[in-house]
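Peer 1: Below you will find the structure I want to go over with you.
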Amino acid sequence: MGKLYDRLMQDYRIKEGLNACINCGTCTAICPAAEFYRYDPRRIVDIVQHQDDAQIEELLKSDTIWYCGECLSCVTRCPRKNAAGLIIMALRSLSIQTGFFMESEKGRQMYLLCKDLNSNILNYGYCVYPRTFKYKEHQEAGVVWKWEEEHLDDIFERLGGNLDGEGAGAMRKIPQKDLDELKKIYDITGATQMLENVRAAGLKKAEELGLTEEEYAKKLYTESSNKHFNH
Amino acid sequence: MIYEGKQKIWADYQKEIPEDHYFYVRSCIRQSFFPASEVTFLDITRNKLGKDIFETEHHTTCGGIAYHSDAIPQETAMTIIARQFALMKKYGYENYVCSCITSFGLYCETMETWREYPELQEKIADNLWKSCKLEFAKPKFLVHASDLIFKYRNQIAAKSKYKLVNVRTGEPLRVVEHIGCHYSKMFPSKGVGGAEYPYVLVGMVEAWGGQIIDYPERRHCCGFGFRQYMIQSNRGYSLSNTHKKFESMEPFKPDMIITNCPGCPYFLDRWQYVIAETEGKTYGENGHGIPVFTYEEVAGLVMGYDPWDLGLQTHQVGVEPLLDKMGIPYDPAKKYLGKNGKNIGEPEKPHCLK
Amino acid sequence: MKNNILIIGGGPAGLEASSILVKMGYNVILVEKEKQLGGHLAKWDTLFPDGLKAEELLKAMIKKTEGVKCFTDTQVQSVNILDKSYNVILSNGITVLADALLLATGFDLFKAEKKEEYGYGIYEGVITNADLEQFFKGNFSIKKPKAVGFVHCVGSRDEKVCNPACSKVCCATAVKQACHIKETFEEADVFCFYMDLRMFGRHYEDLYLKAQKMGIRFIRGRVSEVAETSEGRLLVKAEDTLSSKPIKVTLDTLVLMAGMRPSESGYMVGHQLNLSVEEDGFFSTKDTMLSLQKSNLDGLFFAGAATGPKTLPDTLHEARSAAMEIDNYLTKK
């Protein structure tokens, strides 16, 4: 039994999500990613259950494991109580831990995701924070959001919110003491270390490519090769 | 479709939802894009129905979006969740109601994993003490805020001013209900009505006079996909899934969509705008989109709240055709005004979407 | 004095065993809960692999039971274990002192509505294997279909519905029914969605070949969900796992191959006798090889699907074996 497989088995999501797969395809049939990307969750579960480290390593380095949207629709229907979505989540965690995530285009996006989401959490206490959700980067949010972005304080006031205000309420300012506790949680549960590793790997890559941090972030945000798609 | 068949299934999924006394936890996305929905939820439950729904400013995100974007470890998410639960206990509550579906699913999954692996629960309790000096606790009852509105649906109907009925024809409105994936797909028994034919929104719509329409892709994800939306170059995933749903529901001519997840109404609303602006395709009547609502907004509308107090001006798909159908009066001149009539300008008009 | 043998269940196993035992000179009492004899066979039109008429087979079997005391529309109300016999009270008020008991309680069809995602009882075009046999017999109507699908393994090999075992007969039944549908509606496209095609018996593979030659399409993938289109047709999603592609097929009729579950009435009898069942819910046999007709109780025997899914020939073999075991037992006594 290989080393990567053993490390995967430490993950509670594998313990819960991997039974024995009979390759029936129930998961793939309703997977939102399977129609859009060249992606078949059934194959991934099958590879993991084969316990072949070479194949698992290939997965960890591939774009394939980053195609899932973690909607977990696959969980409902599997006749063997597998959870393809949870298995993917464990593979992604291991890909990050081993550094293999840097070998694929979709894996490298971790740099941006870690940076943006965690700065919202650690600075404001929210995963999504309206002042950092920019129309420029989210034109699909519509011209109505463009207007909201320009008048956030007025609109939150009009709608009974409490944007950056004291006390309770929608989008209130979360007290610093509570943010400090979140930071302590990050420190002792390995999140801080993970973020540092992902950041260092990203910066190293940027340097290799001769890009500034900002240019590298933009590249990750906007560039996509055509090889991912089903159609 | 044989309605009685669904009723039989609904009868198998009776979720126990306590009547009162809840610790309330907000949703990152709902607060950001639909702040008035949370305001309305608290106003209806506390002031109109007299319930005890407690909120503390000290609670935070559950970390769910970062967790499902793989940007924090499972142990981190679990410890943040343990902190939320500990606050509930600290303030003297044992019933926990959350506004977010991602949170709800993650809470369910976390509690299930703790139950199966007590050594992990012990580790998380230890993490919690080391980081926050808080005492570990678990809710006695965990519900989503839509479960509560479902529970109170008949009380809301009794206080309603308007119905989900087309006032011109007297016909029930044709309503699409969209359930967030993490509500019951992982644990069917945790959701009202199960995973295949969830009843939580159907119950509200029926109590308020509307008619549910059943279309092939109704169980399909809105397409959020976490990282598949957060990163611009992945966003085609998100758009294509919403597109698939609208193509599937179009022949059924829905009047409106009701949702229980905070992300779905944003995506179903905004991707309609993108499809209209890029393809020229609209799914409602006469160049309009199909208006998409949170359940709090729909409850607010039937109870007679002013549409602009509910924040419906912050939707990109115009809601006016639906307000007209329901016979709800509104003042177009006040749509985009700030507090106390302050002029804060108006959004630009989309090119194609009316 | 003749020994009394009580046979519980008037399906193929019970009928076959009773006709042999009555010829051996025993006093045989057969109890059947339905108004007619035959069990599931009475509700079936034709049988795989060669299309034998179920009705004719049943008639022949019933004819052989002359001399058997048959109580139809009758159930076992209570059973008590006495020193060397069983005291059984029937729902018709009769008490039987049986020297041997044969449980031929068979199976129930899995309740297809439990697989909620397939929409049985919700979408009109979704029917079961049993419904389709009734259609072939002229007792059930379906609209002339343009496309028909068969879902194998409904409630079988499925841990979610607590039935991980294979129901054994559904693959062959599906292929037989698919051919029958194709013969009835020549223009219709016919699809079989299977996980593994288990065509293990003599001539079963020939049946599969016939189906393929008739143009029936075999898709190796389990159906994930069924929905109704605006025209009232059925949209079925599966993965064609041999090409690794999710597929959608629009059908008019979808036949769910409901698998076998332990029979509820058999369970009631077993419960009174404290009979042990295995994880699959079917009765445990004395061992797994040499004494398949015996239970752990002296004088109590099994035949047929009471101890797990079986084909009709398997069931009949078991009935004959059980008759022999009962005869040995009573002779030694």
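Labels used: A, B, ... for chains in the order of the structure tokens, numbers from 1 for residues in each chain, and numbers from 1 for ligands as shown.
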Going by DSSP on the backbone, which bits of stretch 147-225 of chain B are alpha helix (DSSP H)? Write them as a ChimeraX atom specification, please.
Peer 2: /B:147-151,153-158,181-184,200-207
Peer 1: Give me the residues within 6 Å of stretch 267-284 of chain C as a PyMOL selection string, counting only C-alpha atoms and dropping any in the same chain fewer than 4 places off.
Peer 2: chain C and resi 262+307-308
Peer 1: Identify, on the basis of only C-alpha atoms, every residue whose closest approach to B:Asp126 does not exceed 12 Å; exclude the query and any residue fewer than 3 positions from it along the same chain; express the result as a PyMOL selection string.
Peer 2: (chain A and resi 185+188-189) or (chain B and resi 75+78-79+82-83+119-123+129-137)
Peer 1: Keeping only N, CA and C atoms, write those residues as a JSON list (two decimals), in the first residue's frame.
Peer 2:
```
[["chain", "number", "residue", "atom", "x", "y", "z"],
["A", 185, "ILE", "N", -7.41, 30.47, 15.89],
["A", 185, "ILE", "CA", -7.90, 29.19, 15.34],
["A", 185, "ILE", "C", -7.07, 28.82, 14.11],
["A", 188, "ILE", "N", -3.56, 27.48, 15.22],
["A", 188, "ILE", "CA", -3.40, 26.15, 15.83],
["A", 188, "ILE", "C", -4.00, 25.00, 15.00],
["A", 189, "THR", "N", -4.76, 25.33, 13.94],
["A", 189, "THR", "CA", -5.35, 24.24, 13.15],
["A", 189, "THR", "C", -4.64, 24.08, 11.80],
["B", 75, "GLU", "N", -10.15, 20.97, 9.64],
["B", 75, "GLU", "CA", -10.05, 21.18, 11.09],
["B", 75, "GLU", "C", -10.28, 22.65, 11.46],
["B", 78, "MET", "N", -14.00, 23.30, 11.21],
["B", 78, "MET", "CA", -14.69, 22.67, 12.34],
["B", 78, "MET", "C", -14.50, 23.47, 13.63],
["B", 79, "THR", "N", -13.32, 24.04, 13.81],
["B", 79, "THR", "CA", -13.08, 24.80, 15.04],
["B", 79, "THR", "C", -13.84, 26.13, 15.01],
["B", 82, "ALA", "N", -17.24, 25.18, 15.91],
["B", 82, "ALA", "CA", -17.34, 24.91, 17.36],
["B", 82, "ALA", "C", -17.44, 26.23, 18.12],
["B", 83, "ARG", "N", -16.75, 27.26, 17.63],
["B", 83, "ARG", "CA", -16.81, 28.57, 18.29],
["B", 83, "ARG", "C", -18.24, 29.16, 18.19],
["B", 119, "GLU", "N", -13.03, 10.99, 18.73],
["B", 119, "GLU", "CA", -11.68, 11.50, 19.00],
["B", 119, "GLU", "C", -11.46, 12.82, 18.26],
["B", 120, "LEU", "N", -12.11, 12.97, 17.11],
["B", 120, "LEU", "CA", -11.99, 14.23, 16.36],
["B", 120, "LEU", "C", -12.73, 15.34, 17.11],
["B", 121, "GLN", "N", -13.91, 15.00, 17.60],
["B", 121, "GLN", "CA", -14.68, 15.99, 18.36],
["B", 121, "GLN", "C", -13.86, 16.47, 19.57],
["B", 122, "GLU", "N", -13.18, 15.53, 20.20],
["B", 122, "GLU", "CA", -12.37, 15.89, 21.37],
["B", 122, "GLU", "C", -11.24, 16.85, 20.97],
["B", 123, "LYS", "N", -10.64, 16.56, 19.84],
["B", 123, "LYS", "CA", -9.55, 17.42, 19.34],
["B", 123, "LYS", "C", -10.07, 18.83, 19.06],
["B", 129, "TRP", "N", -10.81, 25.42, 23.09],
["B", 129, "TRP", "CA", -10.41, 25.93, 24.40],
["B", 129, "TRP", "C", -9.08, 26.68, 24.28],
["B", 130, "LYS", "N", -8.14, 26.08, 23.54],
["B", 130, "LYS", "CA", -6.83, 26.72, 23.39],
["B", 130, "LYS", "C", -6.92, 28.07, 22.68],
["B", 131, "SER", "N", -7.78, 28.16, 21.67],
["B", 131, "SER", "CA", -7.81, 29.38, 20.87],
["B", 131, "SER", "C", -8.76, 30.43, 21.43],
["B", 132, "CYS", "N", -9.87, 30.02, 22.01],
["B", 132, "CYS", "CA", -10.90, 30.99, 22.37],
["B", 132, "CYS", "C", -11.33, 30.90, 23.84],
["B", 133, "LYS", "N", -10.81, 29.93, 24.58],
["B", 133, "LYS", "CA", -11.23, 29.72, 25.97],
["B", 133, "LYS", "C", -12.77, 29.62, 26.07],
["B", 134, "LEU", "N", -13.33, 28.90, 25.12],
["B", 134, "LEU", "CA", -14.79, 28.70, 25.14],
["B", 134, "LEU", "C", -15.08, 27.22, 25.38],
["B", 135, "GLU", "N", -16.25, 27.00, 25.99],
["B", 135, "GLU", "CA", -16.63, 25.64, 26.33],
["B", 135, "GLU", "C", -17.38, 25.00, 25.16],
["B", 136, "PHE", "N", -16.96, 23.80, 24.76],
["B", 136, "PHE", "CA", -17.54, 23.10, 23.62],
["B", 136, "PHE", "C", -19.02, 22.76, 23.87],
["B", 137, "ALA", "N", -19.83, 22.93, 22.85],
["B", 137, "ALA", "CA", -21.25, 22.57, 22.94],
["B", 137, "ALA", "C", -21.78, 22.25, 21.56]]
```
Peer 1: Report, in Å to a single decimal, how far apart atom CA of C:Arg198 and atom CA of C:Arg220 are.
Peer 2: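 Interatomic distance here is 12.3 Å.
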Peer 1: Report as a PyMOL selection string the set of chain B residues whose atoms approach chain C to within 10 Å, with distances computed over only C-alpha atoms.
Peer 2: chain B and resi 1-9+194-197+214-219+248-252
Peer 1: So which one's closest to B:Phe23, B:Ile72, B:Leu42, B:Ile80, B:Met88? Using only C-alpha atoms, please.
Peer 2: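 Checking each of B:Ile72, B:Leu42, B:Ile80, B:Met88 against B:Phe23, counting only C-alpha atoms, the winner is B:Met88.
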Peer 1: Determine, using only C-alpha atoms, which residues of chain A have any atom at most 6 Å from an atom of chain B, and tabulate each with its shortest atom pair and distance in Å to one decimal place, rows ordered by chain and then rising number, as a Markdown table.
Peer 2:
```
| residue | atom | partner | partner_atom | distance |
| --- | --- | --- | --- | --- |
| A:Gly69 | CA | B:Gly225 | CA | 3.6 |
| A:Cys71 | CA | B:Cys181 | CA | 5.8 |
| A:Ser73 | CA | B:Lys185 | CA | 5.9 |
| A:Val75 | CA | B:Met186 | CA | 5.6 |
| A:Thr76 | CA | B:Lys185 | CA | 5.1 |
| A:Cys114 | CA | B:Ala71 | CA | 4.9 |
| A:Leu117 | CA | B:Ala66 | CA | 5.9 |
| A:Gly125 | CA | B:Thr60 | CA | 5.3 |
| A:Tyr126 | CA | B:Thr61 | CA | 4.9 |
| A:Val128 | CA | B:Cys28 | CA | 5.5 |
| A:Pro130 | CA | B:Ser32 | CA | 5.5 |
| A:Ala141 | CA | B:Arg270 | CA | 5.8 |
| A:Val143 | CA | B:Glu348 | CA | 5.8 |
| A:Val144 | CA | B:Pro347 | CA | 5.2 |
| A:Trp147 | CA | B:Pro347 | CA | 5.0 |
| A:Asp154 | CA | B:Gly338 | CA | 5.8 |
| A:Arg158 | CA | B:Lys339 | CA | 4.5 |
| A:Leu159 | CA | B:Ala36 | CA | 5.2 |
| A:Gly161 | CA | B:Pro35 | CA | 5.8 |
| A:Gly167 | CA | B:Glu57 | CA | 5.5 |
| A:Ala168 | CA | B:Glu57 | CA | 4.4 |
| A:Ala170 | CA | B:Gln31 | CA | 5.3 |
| A:Met171 | CA | B:Gln31 | CA | 5.8 |
| A:Glu181 | CA | B:Cys132 | CA | 5.7 |
| A:Lys184 | CA | B:Ser131 | CA | 5.2 |
| A:Ile185 | CA | B:Ser131 | CA | 5.5 |
| A:Thr189 | CA | B:Thr76 | CA | 5.3 |
| A:Ala191 | CA | B:Ile72 | CA | 5.7 |
| A:Tyr221 | CA | B:Ile231 | CA | 5.4 |
| A:Thr222 | CA | B:Ser233 | CA | 4.8 |
| A:Glu223 | CA | B:Ser233 | CA | 5.8 |
| A:Ser224 | CA | B:Ser233 | CA | 5.7 |
```
Peer 1: Would you export the selected residues with N, CA and C atoms as a compact mmCIF listing (two decimals), in the first residue's frame, please?
Peer 2:
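The resulting file, result-v4.txt, is shown below:
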```txt
# COMPACT_ATOMS: atom_id res chain seq x y z
N GLY A 69 -17.47 21.31 -8.33
CA GLY A 69 -18.00 22.53 -7.73
C GLY A 69 -18.44 22.32 -6.28
N CYS A 71 -20.86 20.80 -4.98
CA CYS A 71 -22.29 20.92 -4.70
C CYS A 71 -22.77 19.70 -3.93
N SER A 73 -24.04 16.98 -4.95
CA SER A 73 -25.23 16.30 -5.49
C SER A 73 -24.98 14.80 -5.64
N VAL A 75 -23.69 12.85 -3.58
CA VAL A 75 -23.84 12.12 -2.33
C VAL A 75 -25.22 11.47 -2.22
N THR A 76 -26.23 12.19 -2.68
CA THR A 76 -27.62 11.73 -2.51
C THR A 76 -27.86 10.36 -3.13
N CYS A 114 -6.88 31.40 -1.70
CA CYS A 114 -6.40 31.50 -0.31
C CYS A 114 -6.25 32.97 0.08
N LEU A 117 -10.09 34.96 -0.07
CA LEU A 117 -11.09 34.52 0.91
C LEU A 117 -10.58 34.70 2.33
N GLY A 125 -14.04 39.07 9.15
CA GLY A 125 -14.85 38.03 9.78
C GLY A 125 -15.89 37.43 8.85
N TYR A 126 -15.82 37.79 7.56
CA TYR A 126 -16.78 37.28 6.56
C TYR A 126 -16.03 36.63 5.40
N VAL A 128 -17.40 36.69 2.37
CA VAL A 128 -17.69 37.67 1.32
C VAL A 128 -17.95 38.99 2.02
N PRO A 130 -18.79 43.12 1.09
CA PRO A 130 -19.18 43.92 -0.08
C PRO A 130 -18.13 44.94 -0.53
N ALA A 141 -22.10 40.84 -11.92
CA ALA A 141 -22.94 41.29 -10.80
C ALA A 141 -23.90 42.39 -11.26
N VAL A 143 -25.15 46.01 -13.64
CA VAL A 143 -25.07 47.46 -13.47
C VAL A 143 -25.70 47.88 -12.15
N VAL A 144 -26.57 47.04 -11.61
CA VAL A 144 -27.17 47.37 -10.32
C VAL A 144 -26.09 47.30 -9.22
N TRP A 147 -23.87 50.34 -9.28
CA TRP A 147 -24.53 51.44 -8.54
C TRP A 147 -24.42 51.21 -7.03
N ASP A 154 -25.09 54.18 1.82
CA ASP A 154 -26.48 54.64 1.71
C ASP A 154 -27.44 53.47 1.53
N ARG A 158 -30.39 52.33 3.90
CA ARG A 158 -31.77 52.29 3.39
C ARG A 158 -32.44 50.95 3.69
N LEU A 159 -31.66 49.87 3.61
CA LEU A 159 -32.24 48.53 3.73
C LEU A 159 -32.19 47.98 5.16
N GLY A 161 -29.54 47.58 7.04
CA GLY A 161 -28.31 46.87 7.38
C GLY A 161 -27.47 47.70 8.34
N GLY A 167 -22.38 46.79 17.25
CA GLY A 167 -23.51 45.94 17.66
C GLY A 167 -23.88 44.93 16.60
N ALA A 168 -25.09 44.35 16.74
CA ALA A 168 -25.52 43.30 15.83
C ALA A 168 -25.99 43.90 14.50
N ALA A 170 -26.90 43.20 9.94
CA ALA A 170 -26.32 42.70 8.70
C ALA A 170 -25.05 43.45 8.35
N MET A 171 -23.98 42.72 8.18
CA MET A 171 -22.67 43.26 7.76
C MET A 171 -22.05 44.20 8.79
N GLU A 181 -9.58 35.88 17.72
CA GLU A 181 -9.84 34.46 18.00
C GLU A 181 -9.79 33.63 16.72
N LYS A 184 -6.28 33.00 15.94
CA LYS A 184 -5.71 31.95 16.80
C LYS A 184 -6.15 30.56 16.32
N ILE A 185 -7.41 30.47 15.89
CA ILE A 185 -7.90 29.19 15.34
C ILE A 185 -7.07 28.82 14.11
N THR A 189 -4.76 25.33 13.94
CA THR A 189 -5.35 24.24 13.15
C THR A 189 -4.64 24.08 11.80
N ALA A 191 -4.13 26.32 9.41
CA ALA A 191 -4.53 27.18 8.28
C ALA A 191 -3.44 28.21 7.98
N TYR A 221 -6.33 34.86 -12.42
CA TYR A 221 -7.74 35.22 -12.36
C TYR A 221 -8.41 35.10 -13.73
N THR A 222 -7.66 35.41 -14.78
CA THR A 222 -8.33 35.54 -16.09
C THR A 222 -7.98 34.45 -17.10
N GLU A 223 -6.81 33.82 -16.97
CA GLU A 223 -6.40 32.93 -18.06
C GLU A 223 -6.90 31.51 -17.90
N SER A 224 -7.32 30.94 -19.01
CA SER A 224 -7.78 29.56 -19.00
C SER A 224 -7.46 28.92 -20.34
```
Peer 1: Could you please select, counting only C-alpha atoms, the residues of chain C within 12 Å of chain A and state them as a ChimeraX atom specification?
Peer 2: /C:115-118,152-165,193-196,219-226,236-249
Peer 1: Could you please take those selected residues and save C-alpha atoms as a compact mmCIF listing (two decimals), in the first residue's frame?
Peer 2:
```txt
# COMPACT_ATOMS: atom_id res chain seq x y z
CA LYS C 115 -36.31 5.06 -4.94
CA GLU C 116 -37.72 8.56 -4.91
CA GLU C 117 -35.48 9.81 -7.72
CA TYR C 118 -37.14 7.40 -10.18
CA HIS C 152 -32.07 -2.76 -13.72
CA CYS C 153 -31.28 -3.10 -10.01
CA VAL C 154 -34.11 -0.99 -8.55
CA GLY C 155 -33.89 -1.67 -4.84
CA SER C 156 -31.18 -4.27 -5.44
CA ARG C 157 -27.44 -3.83 -4.94
CA ASP C 158 -28.32 -0.61 -3.18
CA GLU C 159 -27.08 0.15 0.33
CA LYS C 160 -29.15 3.34 0.48
CA VAL C 161 -32.34 1.27 0.61
CA CYS C 162 -30.64 -1.36 2.81
CA ASN C 163 -30.70 -4.04 0.13
CA PRO C 164 -27.12 -4.62 -0.94
CA ALA C 165 -27.79 -8.02 -2.51
CA PHE C 193 -29.76 0.62 -18.21
CA TYR C 194 -27.70 -1.97 -16.35
CA MET C 195 -24.75 -2.11 -13.95
CA ASP C 196 -23.67 -5.67 -14.70
CA ILE C 219 -26.31 1.22 -21.66
CA ARG C 220 -23.88 0.36 -18.89
CA GLY C 221 -24.87 2.93 -16.32
CA ARG C 222 -27.26 3.24 -13.45
CA VAL C 223 -30.09 5.74 -13.92
CA SER C 224 -29.47 8.70 -11.65
CA GLU C 225 -32.74 10.59 -11.90
CA VAL C 226 -36.00 10.85 -13.78
CA VAL C 236 -33.74 10.07 -17.80
CA LYS C 237 -30.14 10.77 -16.81
CA ALA C 238 -27.38 8.21 -16.63
CA GLU C 239 -23.72 7.90 -17.42
CA ASP C 240 -22.70 5.72 -20.32
CA THR C 241 -19.79 4.41 -18.30
CA LEU C 242 -18.22 2.59 -21.25
CA SER C 243 -17.63 5.93 -22.98
CA SER C 244 -17.44 7.99 -19.75
CA LYS C 245 -20.15 10.41 -20.89
CA PRO C 246 -23.21 11.62 -19.03
CA ILE C 247 -26.26 11.03 -21.22
CA LYS C 248 -29.91 12.10 -21.26
CA VAL C 249 -32.62 10.03 -22.89
```
Peer 1: Please give the complete set of residues from stretch 77-278 of chain B that DSSP, run on the backbone, assigns to strand (DSSP E), formatted as a ChimeraX atom specification.
Peer 2: /B:95-98,141-144,174-178,211-212,256-259
Peer 1: Which one of C:Val76, C:Ile20, C:Met260, C:Ala112 sits closest to C:Gly93 if you count only C-alpha atoms?
Peer 2: C:Val76
Peer 1: What is the atom CA of C:Leu37 to atom CA of C:Lys286 distance in Å?
Peer 2: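 Those two atoms sit 28.3 Å apart.
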Peer 1: Just checking: using only C-alpha atoms, which residue out of C:Leu256, C:Ala42, C:Val148, C:Leu30 ends up closest to C:Arg233?
Peer 2: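 Once distances to C:Arg233 are computed over only C-alpha atoms, the minimum belongs to C:Val148.
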Peer 1: Between C:Leu312, C:Ala147, C:Leu297, C:Ile89, which has the minimum distance to C:Thr173 (counting only C-alpha atoms)?
Peer 2: C:Leu312
Peer 1: Can you tell me, as a list in words, what residues are no more than 8 Å from stretch 11-14 of chain A when counting only C-alpha atoms, ignoring any on the same chain fewer than 5 positions away?
Peer 2: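 Once the nearby chain positions are removed, what remains is Leu86, Ile87, Met89 and Ala90 of chain A; Thr113 of chain B.
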Peer 1: Please produce a file of those selected residues containing N, CA and C atoms, as a short mmCIF file (atom, residue, chain, number, x, y, z; two decimals), in the first residue's frame.
Peer 2:
```cif
data_model
loop_
_atom_site.label_atom_id
_atom_site.label_comp_id
_atom_site.auth_asym_id
_atom_site.auth_seq_id
_atom_site.Cartn_x
_atom_site.Cartn_y
_atom_site.Cartn_z
N LEU A 86 -16.69 14.43 -1.41
CA LEU A 86 -15.82 14.45 -0.23
C LEU A 86 -14.44 13.88 -0.58
N ILE A 87 -14.42 12.89 -1.46
CA ILE A 87 -13.14 12.30 -1.87
C ILE A 87 -12.30 13.35 -2.61
N MET A 89 -12.49 16.53 -2.18
CA MET A 89 -12.01 17.52 -1.21
C MET A 89 -10.74 17.03 -0.51
N ALA A 90 -10.71 15.74 -0.21
CA ALA A 90 -9.52 15.18 0.44
C ALA A 90 -8.33 15.18 -0.53
N THR B 113 -19.78 13.92 11.45
CA THR B 113 -18.40 13.43 11.56
C THR B 113 -17.99 13.34 13.04
#
```
Peer 1: I'd like the neighbourhood of C:Asp83 as a list of chain:residue names, where a residue qualifies if any of its atoms comes within 12 Å (using only C-alpha atoms), though same-chain residues fewer than 5 positions away should be ignored.
Peer 2: C:Leu97, C:Ala98, C:Asp99, C:Leu297, C:Asp298, C:Gly299
Peer 1: Which one is closest to A:Leu179: A:Asn118, A:Ser62, A:Gln97, A:Asn19? Count only C-alpha atoms.
Peer 2: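 Among the listed residues, A:Asn118 lies closest to A:Leu179.
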